[in-house]
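Engineer: Enclosed is the structure file coords-v3.cif (mmCIF, N, CA and C atoms).
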```
data_model
loop_
_atom_site.label_atom_id
_atom_site.label_comp_id
_atom_site.auth_asym_id
_atom_site.auth_seq_id
_atom_site.Cartn_x
_atom_site.Cartn_y
_atom_site.Cartn_z
N MET Y 574 0.83 -1.19 0.00
CA MET Y 574 0.00 0.00 0.00
C MET Y 574 0.88 1.25 0.00
N ASN Y 575 0.53 2.17 -0.83
CA ASN Y 575 1.18 3.48 -0.88
C ASN Y 575 0.64 4.31 0.29
N ASP Y 576 1.45 5.14 0.91
CA ASP Y 576 1.02 5.95 2.04
C ASP Y 576 -0.08 6.94 1.70
N THR Y 577 -0.30 7.22 0.42
CA THR Y 577 -1.34 8.16 0.02
C THR Y 577 -2.55 7.48 -0.59
N VAL Y 578 -2.59 6.16 -0.53
CA VAL Y 578 -3.72 5.41 -1.09
C VAL Y 578 -4.24 4.45 -0.03
N TYR Y 579 -5.56 4.39 0.10
CA TYR Y 579 -6.20 3.42 0.99
C TYR Y 579 -7.33 2.78 0.19
N VAL Y 580 -7.40 1.48 0.21
CA VAL Y 580 -8.47 0.75 -0.45
C VAL Y 580 -9.19 -0.06 0.62
N GLY Y 581 -10.49 0.07 0.68
CA GLY Y 581 -11.24 -0.64 1.72
C GLY Y 581 -12.65 -0.94 1.27
N ASN Y 582 -13.45 -1.36 2.22
CA ASN Y 582 -14.86 -1.64 2.01
C ASN Y 582 -15.64 -0.80 3.02
N ALA Y 583 -16.55 0.03 2.53
CA ALA Y 583 -17.27 0.95 3.41
C ALA Y 583 -18.00 0.21 4.53
N GLY Y 584 -18.65 -0.89 4.22
CA GLY Y 584 -19.38 -1.63 5.25
C GLY Y 584 -18.47 -2.17 6.34
N LYS Y 585 -17.34 -2.73 5.94
CA LYS Y 585 -16.40 -3.29 6.92
C LYS Y 585 -15.66 -2.20 7.68
N ASP Y 586 -15.15 -1.19 6.97
CA ASP Y 586 -14.39 -0.13 7.63
C ASP Y 586 -15.28 0.71 8.54
N ALA Y 587 -16.52 0.94 8.13
CA ALA Y 587 -17.43 1.76 8.92
C ALA Y 587 -17.70 1.13 10.29
N ALA Y 588 -17.72 -0.18 10.33
CA ALA Y 588 -18.00 -0.87 11.59
C ALA Y 588 -16.90 -0.63 12.63
N LEU Y 589 -15.74 -0.18 12.18
CA LEU Y 589 -14.61 0.03 13.09
C LEU Y 589 -14.62 1.39 13.78
N ASP Y 590 -15.42 2.35 13.26
CA ASP Y 590 -15.36 3.72 13.80
C ASP Y 590 -16.74 4.38 13.75
N ARG Y 591 -17.76 3.72 14.29
CA ARG Y 591 -19.14 4.23 14.33
C ARG Y 591 -19.63 4.71 12.97
N GLY Y 592 -19.13 4.11 11.91
CA GLY Y 592 -19.57 4.44 10.57
C GLY Y 592 -18.69 5.42 9.83
N TRP Y 593 -17.81 6.10 10.55
CA TRP Y 593 -17.02 7.17 9.92
C TRP Y 593 -15.85 6.58 9.13
N LEU Y 594 -15.74 7.02 7.88
CA LEU Y 594 -14.69 6.54 6.98
C LEU Y 594 -13.57 7.56 6.80
N LEU Y 595 -13.89 8.83 6.98
CA LEU Y 595 -12.93 9.88 6.67
C LEU Y 595 -13.21 11.10 7.54
N GLY Y 596 -12.16 11.73 8.05
CA GLY Y 596 -12.32 12.95 8.83
C GLY Y 596 -11.10 13.26 9.67
N HIS Y 597 -11.18 14.33 10.43
CA HIS Y 597 -10.05 14.77 11.26
C HIS Y 597 -9.65 13.75 12.31
N PHE Y 598 -10.58 12.87 12.68
CA PHE Y 598 -10.38 11.90 13.75
C PHE Y 598 -9.52 10.71 13.34
N LYS Y 599 -9.25 10.54 12.06
CA LYS Y 599 -8.35 9.48 11.61
C LYS Y 599 -6.91 9.92 11.85
N ASP Y 600 -6.02 8.97 12.04
CA ASP Y 600 -4.61 9.26 12.27
C ASP Y 600 -4.06 10.13 11.15
N PRO Y 601 -3.29 11.17 11.47
CA PRO Y 601 -2.75 12.06 10.43
C PRO Y 601 -1.95 11.35 9.34
N ALA Y 602 -1.37 10.18 9.63
CA ALA Y 602 -0.61 9.44 8.62
C ALA Y 602 -1.53 8.62 7.71
N ASP Y 603 -2.81 8.52 8.05
CA ASP Y 603 -3.79 7.74 7.29
C ASP Y 603 -4.33 8.61 6.15
N PRO Y 604 -4.39 8.10 4.92
CA PRO Y 604 -4.94 8.88 3.80
C PRO Y 604 -6.39 9.31 4.03
N ARG Y 605 -7.08 8.68 4.99
CA ARG Y 605 -8.47 9.02 5.28
C ARG Y 605 -8.59 10.19 6.26
N HIS Y 606 -7.45 10.70 6.70
CA HIS Y 606 -7.46 11.89 7.57
C HIS Y 606 -7.81 13.11 6.73
N SER Y 607 -8.76 13.92 7.21
CA SER Y 607 -9.13 15.15 6.52
C SER Y 607 -9.64 16.16 7.52
N GLU Y 608 -9.20 17.38 7.38
CA GLU Y 608 -9.74 18.46 8.20
C GLU Y 608 -10.78 19.25 7.41
N ASP Y 609 -11.01 18.84 6.17
CA ASP Y 609 -11.96 19.55 5.31
C ASP Y 609 -13.34 18.91 5.28
N VAL Y 610 -13.38 17.57 5.40
CA VAL Y 610 -14.64 16.86 5.20
C VAL Y 610 -14.68 15.59 6.05
N GLU Y 611 -15.89 15.16 6.40
CA GLU Y 611 -16.11 13.88 7.09
C GLU Y 611 -17.09 13.07 6.26
N ILE Y 612 -16.86 11.76 6.16
CA ILE Y 612 -17.75 10.89 5.41
C ILE Y 612 -18.11 9.68 6.26
N LYS Y 613 -19.41 9.38 6.29
CA LYS Y 613 -19.92 8.26 7.10
C LYS Y 613 -20.76 7.32 6.24
N TRP Y 614 -20.57 6.03 6.44
CA TRP Y 614 -21.40 4.98 5.84
C TRP Y 614 -22.28 4.48 6.98
N GLY Y 615 -23.49 5.00 7.06
CA GLY Y 615 -24.38 4.66 8.17
C GLY Y 615 -25.30 3.51 7.84
N VAL Y 616 -25.21 2.44 8.61
CA VAL Y 616 -26.09 1.28 8.45
C VAL Y 616 -27.04 1.28 9.64
N HIS Y 617 -28.35 1.39 9.36
CA HIS Y 617 -29.34 1.56 10.41
C HIS Y 617 -30.42 0.49 10.31
N PRO Y 618 -30.62 -0.30 11.36
CA PRO Y 618 -31.72 -1.27 11.35
C PRO Y 618 -33.06 -0.53 11.41
N ARG Y 619 -34.11 -1.19 10.96
CA ARG Y 619 -35.46 -0.61 11.03
C ARG Y 619 -35.74 -0.17 12.47
N GLY Y 620 -36.26 1.02 12.62
CA GLY Y 620 -36.61 1.54 13.94
C GLY Y 620 -35.48 2.27 14.65
N ASP Y 621 -34.27 2.24 14.08
CA ASP Y 621 -33.14 2.95 14.68
C ASP Y 621 -33.45 4.44 14.63
N GLU Y 622 -33.16 5.13 15.73
CA GLU Y 622 -33.40 6.57 15.75
C GLU Y 622 -32.35 7.27 16.58
N ARG Y 623 -32.16 8.53 16.29
CA ARG Y 623 -31.23 9.34 17.06
C ARG Y 623 -31.85 9.57 18.42
N ALA Y 624 -31.09 9.32 19.47
CA ALA Y 624 -31.61 9.43 20.83
C ALA Y 624 -31.99 10.88 21.18
N HIS Y 625 -31.22 11.84 20.68
CA HIS Y 625 -31.46 13.26 20.97
C HIS Y 625 -31.21 14.07 19.71
N TRP Y 626 -31.92 15.16 19.58
CA TRP Y 626 -31.67 16.08 18.47
C TRP Y 626 -30.25 16.62 18.56
N VAL Y 627 -29.62 16.80 17.41
CA VAL Y 627 -28.34 17.50 17.35
C VAL Y 627 -28.67 18.99 17.33
N THR Y 628 -28.08 19.73 18.26
CA THR Y 628 -28.30 21.17 18.31
C THR Y 628 -26.96 21.88 18.20
N GLY Y 629 -26.99 23.08 17.67
CA GLY Y 629 -25.76 23.85 17.54
C GLY Y 629 -24.79 23.26 16.53
N GLU Y 630 -25.30 22.64 15.49
CA GLU Y 630 -24.45 22.01 14.47
C GLU Y 630 -23.49 23.03 13.88
N ALA Y 631 -22.21 22.66 13.80
CA ALA Y 631 -21.17 23.58 13.31
C ALA Y 631 -20.75 23.26 11.88
N ARG Y 632 -21.44 22.33 11.22
CA ARG Y 632 -21.03 21.93 9.87
C ARG Y 632 -22.22 21.92 8.93
N THR Y 633 -21.94 21.89 7.66
CA THR Y 633 -22.95 21.65 6.63
C THR Y 633 -22.98 20.14 6.43
N ALA Y 634 -24.16 19.60 6.12
CA ALA Y 634 -24.29 18.15 5.96
C ALA Y 634 -25.08 17.80 4.70
N LEU Y 635 -24.71 16.67 4.12
CA LEU Y 635 -25.41 16.06 2.98
C LEU Y 635 -25.66 14.61 3.35
N LEU Y 636 -26.91 14.15 3.29
CA LEU Y 636 -27.25 12.75 3.50
C LEU Y 636 -27.83 12.20 2.20
N VAL Y 637 -27.28 11.07 1.73
CA VAL Y 637 -27.75 10.43 0.50
C VAL Y 637 -28.23 9.02 0.86
N LEU Y 638 -29.45 8.69 0.48
CA LEU Y 638 -29.99 7.36 0.73
C LEU Y 638 -29.40 6.36 -0.27
N VAL Y 639 -28.75 5.33 0.25
CA VAL Y 639 -28.23 4.25 -0.59
C VAL Y 639 -29.29 3.17 -0.72
N SER Y 640 -29.93 2.82 0.41
CA SER Y 640 -31.00 1.83 0.40
C SER Y 640 -31.89 2.04 1.61
N GLY Y 641 -33.12 1.56 1.52
CA GLY Y 641 -34.05 1.63 2.64
C GLY Y 641 -35.00 2.81 2.54
N ARG Y 642 -35.43 3.27 3.71
CA ARG Y 642 -36.36 4.39 3.85
C ARG Y 642 -35.98 5.10 5.13
N PHE Y 643 -35.56 6.36 5.02
CA PHE Y 643 -34.92 7.08 6.12
C PHE Y 643 -35.53 8.47 6.25
N ARG Y 644 -35.96 8.81 7.46
CA ARG Y 644 -36.61 10.09 7.72
C ARG Y 644 -35.67 11.02 8.46
N VAL Y 645 -35.54 12.24 7.98
CA VAL Y 645 -34.72 13.26 8.63
C VAL Y 645 -35.65 14.34 9.16
N GLU Y 646 -35.51 14.63 10.44
CA GLU Y 646 -36.32 15.65 11.09
C GLU Y 646 -35.50 16.93 11.19
N LEU Y 647 -36.07 18.02 10.70
CA LEU Y 647 -35.45 19.34 10.76
C LEU Y 647 -36.46 20.28 11.42
N PRO Y 648 -36.05 21.40 11.92
CA PRO Y 648 -37.00 22.30 12.56
C PRO Y 648 -38.15 22.68 11.60
N GLY Y 649 -39.35 22.32 11.97
CA GLY Y 649 -40.52 22.65 11.17
C GLY Y 649 -40.68 21.87 9.88
N ARG Y 650 -39.87 20.81 9.70
CA ARG Y 650 -39.93 20.07 8.44
C ARG Y 650 -39.44 18.64 8.61
N THR Y 651 -40.13 17.71 7.96
CA THR Y 651 -39.69 16.32 7.89
C THR Y 651 -39.37 16.00 6.44
N VAL Y 652 -38.21 15.36 6.23
CA VAL Y 652 -37.80 14.97 4.88
C VAL Y 652 -37.72 13.45 4.86
N LEU Y 653 -38.44 12.83 3.92
CA LEU Y 653 -38.40 11.38 3.77
C LEU Y 653 -37.54 11.01 2.58
N LEU Y 654 -36.48 10.25 2.83
CA LEU Y 654 -35.62 9.72 1.78
C LEU Y 654 -36.14 8.32 1.49
N ALA Y 655 -36.78 8.14 0.33
CA ALA Y 655 -37.48 6.88 0.06
C ALA Y 655 -36.96 6.14 -1.17
N GLU Y 656 -36.32 6.86 -2.09
CA GLU Y 656 -35.79 6.22 -3.29
C GLU Y 656 -34.28 6.34 -3.30
N GLN Y 657 -33.61 5.28 -3.76
CA GLN Y 657 -32.15 5.32 -3.83
C GLN Y 657 -31.70 6.61 -4.51
N GLY Y 658 -30.79 7.32 -3.86
CA GLY Y 658 -30.29 8.56 -4.42
C GLY Y 658 -30.98 9.81 -3.87
N ASP Y 659 -32.11 9.65 -3.18
CA ASP Y 659 -32.73 10.81 -2.54
C ASP Y 659 -31.73 11.40 -1.56
N TYR Y 660 -31.71 12.73 -1.46
CA TYR Y 660 -30.77 13.35 -0.53
C TYR Y 660 -31.32 14.64 0.05
N VAL Y 661 -30.71 15.06 1.15
CA VAL Y 661 -31.06 16.31 1.80
C VAL Y 661 -29.75 16.99 2.23
N VAL Y 662 -29.74 18.30 2.14
CA VAL Y 662 -28.59 19.10 2.56
C VAL Y 662 -29.10 20.16 3.52
N TRP Y 663 -28.36 20.37 4.62
CA TRP Y 663 -28.68 21.50 5.49
C TRP Y 663 -27.39 22.18 5.93
N GLY Y 664 -27.52 23.43 6.27
CA GLY Y 664 -26.36 24.24 6.60
C GLY Y 664 -26.06 24.29 8.09
N ARG Y 665 -25.01 25.00 8.40
CA ARG Y 665 -24.58 25.19 9.79
C ARG Y 665 -25.71 25.78 10.61
N GLY Y 666 -25.79 25.32 11.84
CA GLY Y 666 -26.78 25.85 12.76
C GLY Y 666 -28.15 25.20 12.66
N VAL Y 667 -28.36 24.27 11.73
CA VAL Y 667 -29.66 23.62 11.58
C VAL Y 667 -29.70 22.37 12.47
N ASP Y 668 -30.58 22.39 13.46
CA ASP Y 668 -30.76 21.23 14.34
C ASP Y 668 -31.37 20.09 13.52
N HIS Y 669 -31.13 18.85 13.96
CA HIS Y 669 -31.70 17.72 13.22
C HIS Y 669 -31.75 16.46 14.07
N SER Y 670 -32.55 15.53 13.58
CA SER Y 670 -32.65 14.18 14.14
C SER Y 670 -33.03 13.26 12.98
N TRP Y 671 -33.10 11.95 13.23
CA TRP Y 671 -33.42 11.03 12.16
C TRP Y 671 -34.05 9.75 12.70
N TYR Y 672 -34.71 9.00 11.79
CA TYR Y 672 -35.37 7.74 12.12
C TYR Y 672 -35.33 6.83 10.89
N ALA Y 673 -34.92 5.58 11.08
CA ALA Y 673 -34.90 4.61 9.97
C ALA Y 673 -36.24 3.90 9.91
N GLU Y 674 -37.05 4.25 8.92
CA GLU Y 674 -38.36 3.61 8.77
C GLU Y 674 -38.22 2.17 8.30
N GLU Y 675 -37.17 1.89 7.56
CA GLU Y 675 -36.81 0.53 7.13
C GLU Y 675 -35.31 0.39 7.36
N GLU Y 676 -34.81 -0.84 7.29
CA GLU Y 676 -33.35 -1.01 7.33
C GLU Y 676 -32.77 -0.12 6.24
N SER Y 677 -31.81 0.71 6.60
CA SER Y 677 -31.32 1.73 5.68
C SER Y 677 -29.81 1.85 5.69
N VAL Y 678 -29.27 2.24 4.54
CA VAL Y 678 -27.86 2.63 4.43
C VAL Y 678 -27.88 4.07 3.92
N VAL Y 679 -27.16 4.94 4.66
CA VAL Y 679 -27.13 6.36 4.33
C VAL Y 679 -25.68 6.81 4.28
N LEU Y 680 -25.31 7.50 3.22
CA LEU Y 680 -23.99 8.09 3.10
C LEU Y 680 -24.09 9.54 3.57
N THR Y 681 -23.28 9.90 4.56
CA THR Y 681 -23.29 11.26 5.10
C THR Y 681 -21.96 11.93 4.80
N VAL Y 682 -22.03 13.15 4.31
CA VAL Y 682 -20.84 13.98 4.09
C VAL Y 682 -21.06 15.25 4.91
N ARG Y 683 -20.09 15.59 5.76
CA ARG Y 683 -20.17 16.82 6.56
C ARG Y 683 -18.90 17.62 6.35
N TRP Y 684 -19.05 18.93 6.34
CA TRP Y 684 -17.87 19.77 6.20
C TRP Y 684 -18.09 21.08 6.95
N PRO Y 685 -17.01 21.64 7.48
CA PRO Y 685 -15.66 21.08 7.58
C PRO Y 685 -15.62 19.99 8.66
N SER Y 686 -14.50 19.30 8.75
CA SER Y 686 -14.30 18.31 9.80
C SER Y 686 -13.75 19.07 11.01
N VAL Y 687 -14.56 19.19 12.05
CA VAL Y 687 -14.25 20.06 13.17
C VAL Y 687 -13.67 19.28 14.34
N PRO Y 688 -12.35 19.44 14.60
CA PRO Y 688 -11.74 18.77 15.75
C PRO Y 688 -12.42 19.21 17.05
N GLY Y 689 -12.58 18.23 17.93
CA GLY Y 689 -13.17 18.51 19.23
C GLY Y 689 -14.67 18.57 19.23
N TYR Y 690 -15.29 18.53 18.06
CA TYR Y 690 -16.75 18.56 17.99
C TYR Y 690 -17.28 17.15 18.18
N ALA Y 691 -18.23 17.00 19.06
CA ALA Y 691 -18.89 15.70 19.22
C ALA Y 691 -20.34 15.95 19.59
N ALA Y 692 -21.23 15.52 18.72
CA ALA Y 692 -22.65 15.65 19.02
C ALA Y 692 -23.02 14.57 20.03
N SER Y 693 -23.99 14.85 20.85
CA SER Y 693 -24.42 13.83 21.80
C SER Y 693 -25.10 12.71 21.03
N PRO Y 694 -24.98 11.47 21.51
CA PRO Y 694 -25.53 10.33 20.76
C PRO Y 694 -27.04 10.38 20.61
#
```
Re-express the file's structure as structure tokens.
Structural biologist:
Amino acid sequence: MNDTVYVGNAGKDAALDRGWLLGHFKDPADPRHSEDVEIKWGVHPRGDERAHWVTGEARTALLVLVSGRFRVELPGRTVLLAEQGDYVVWGRGVDHSWYAEEESVVLTVRWPSVPGYAASP
């Protein structure tokens, strides 16, 4: 392996770090280290839901439905991702929560990757 190349499997690698594949939290020597962006491969069983709303979000986020049926709750609005490729984007400061209506796989991209930031589970 070249130090600037990493080849993996999103499903297997995601299981090692709560779904996160890329971001500031990876070792600086790892090609998956980034202070610009975070990427998550989220696998959610039917009925899985965020325990608490995320408040005070410091990043912009993009969620893309890979499979399943996934509901995103935003202030005053519910977005249902029901067809492969459906996506939602929200900006900094937008509170959110989510619920997996069916077993779902969701690709999340957040930017920037903010060191020291941790949303409550």
Engineer: Evaluate the PyMOL selection byres ((chain Y and resi 622-632) around 6.5) on the structure here and hand back the selected residues as a ChimeraX atom specification.
Structural biologist: /Y:620-621,633-634,663-673,683-685,692-694
Engineer: Could you work out how far CA of Arg605 (chain Y) lies from atom N of Ser686 (chain Y), giving the answer in Å with one decimal?
Structural biologist: 12.4 Å
Engineer: Please measure the separation of CA of Lys585 (chain Y) and CA of Lys599 (chain Y), giving the value in Å to one decimal.
Structural biologist: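 The value is 15.8 Å.
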Engineer: Around all of region 634-638 of chain Y's listed atoms, make the axis-aligned box with 8 Å on each side and tell me centre and edge lengths in Å to one decimal, as lines of an AutoDock Vina configuration file.
Structural biologist:
```
center_x = -27.1
center_y = 13.0
center_z = 2.9
size_x = 21.8
size_y = 29.2
size_z = 22.4
```
Engineer: Separation of atom C of Leu595 (chain Y) and atom N of Glu608 (chain Y), in Å?
Structural biologist: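 Taking atom C of Leu595 (chain Y) as the start and atom N of Glu608 (chain Y) as the end point, the length is 7.5 Å.
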Engineer: Which residues are close to region 638-647 of chain Y, i.e. within 6.5 Å by only N, CA and C atoms, leaving aside same-chain residues fewer than 3 positions away? Reply as a list in words.
Structural biologist: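 Here the qualifying residues turn out to be Arg650, Thr651, Val652, Leu653, Leu654, Ala655, Glu656, Gln657, Gly658, Asp659, Tyr660, Asp668, His669, Ser670, Trp671, Tyr672, Ala673, Glu674, Glu675, Glu676, Ser677, Val678, Val679 and Leu680 of chain Y.
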Engineer: Determine which residues of chain Y DSSP labels as strand (DSSP E or B) from the backbone of this structure, then write them out as a PyMOL selection string.
Structural biologist: chain Y and resi 593-596+606+611-617+622+627+633-640+643-647+650-654+660-663+669-673+677-684
Engineer: Report as a list in words the residues that result from applying the PyMOL selection byres (((chain Y and resi 661 and name CA) around 6) and name CA) to the structure here.
Structural biologist: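 Selected by the PyMOL selection byres (((chain Y and resi 661 and name CA) around 6) and name CA) in this file: Leu635, Leu636, Tyr660 and Val662 of chain Y.
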Engineer: Among chain Y, which residues carry a DSSP assignment of helix (DSSP H, G or I), reported as JSON, numbers by chain?
Structural biologist: {"Y": [583, 584, 585, 586, 587]}
Engineer: Take the point (-3.0, 10.0, 0.3) in the file's coordinates, draw a sphere of radius 8 Å around it, and report as a PDB file with N, CA and C atoms, in the coordinates of the input every protein, DNA or RNA residue with an atom inside or on it, counting only N, CA and C atoms.
Structural biologist:
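As written to disk, point.pdb reads:
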```
ATOM      1  N   ASN Y 575       0.530   2.170  -0.830  1.00  0.00           N
ATOM      2  CA  ASN Y 575       1.180   3.480  -0.880  1.00  0.00           C
ATOM      3  C   ASN Y 575       0.640   4.310   0.290  1.00  0.00           C
ATOM      4  N   ASP Y 576       1.450   5.140   0.910  1.00  0.00           N
ATOM      5  CA  ASP Y 576       1.020   5.950   2.040  1.00  0.00           C
ATOM      6  C   ASP Y 576      -0.080   6.940   1.700  1.00  0.00           C
ATOM      7  N   THR Y 577      -0.300   7.220   0.420  1.00  0.00           N
ATOM      8  CA  THR Y 577      -1.340   8.160   0.020  1.00  0.00           C
ATOM      9  C   THR Y 577      -2.550   7.480  -0.590  1.00  0.00           C
ATOM     10  N   VAL Y 578      -2.590   6.160  -0.530  1.00  0.00           N
ATOM     11  CA  VAL Y 578      -3.720   5.410  -1.090  1.00  0.00           C
ATOM     12  C   VAL Y 578      -4.240   4.450  -0.030  1.00  0.00           C
ATOM     13  N   TYR Y 579      -5.560   4.390   0.100  1.00  0.00           N
ATOM     14  CA  TYR Y 579      -6.200   3.420   0.990  1.00  0.00           C
ATOM     15  C   TYR Y 579      -7.330   2.780   0.190  1.00  0.00           C
ATOM     16  N   ALA Y 602      -1.370  10.180   9.630  1.00  0.00           N
ATOM     17  CA  ALA Y 602      -0.610   9.440   8.620  1.00  0.00           C
ATOM     18  C   ALA Y 602      -1.530   8.620   7.710  1.00  0.00           C
ATOM     19  N   ASP Y 603      -2.810   8.520   8.050  1.00  0.00           N
ATOM     20  CA  ASP Y 603      -3.790   7.740   7.290  1.00  0.00           C
ATOM     21  C   ASP Y 603      -4.330   8.610   6.150  1.00  0.00           C
ATOM     22  N   PRO Y 604      -4.390   8.100   4.920  1.00  0.00           N
ATOM     23  CA  PRO Y 604      -4.940   8.880   3.800  1.00  0.00           C
ATOM     24  C   PRO Y 604      -6.390   9.310   4.030  1.00  0.00           C
ATOM     25  N   ARG Y 605      -7.080   8.680   4.990  1.00  0.00           N
ATOM     26  CA  ARG Y 605      -8.470   9.020   5.280  1.00  0.00           C
ATOM     27  C   ARG Y 605      -8.590  10.190   6.260  1.00  0.00           C
ATOM     28  N   HIS Y 606      -7.450  10.700   6.700  1.00  0.00           N
ATOM     29  CA  HIS Y 606      -7.460  11.890   7.570  1.00  0.00           C
ATOM     30  C   HIS Y 606      -7.810  13.110   6.730  1.00  0.00           C
TER      31      HIS Y 606
END
```
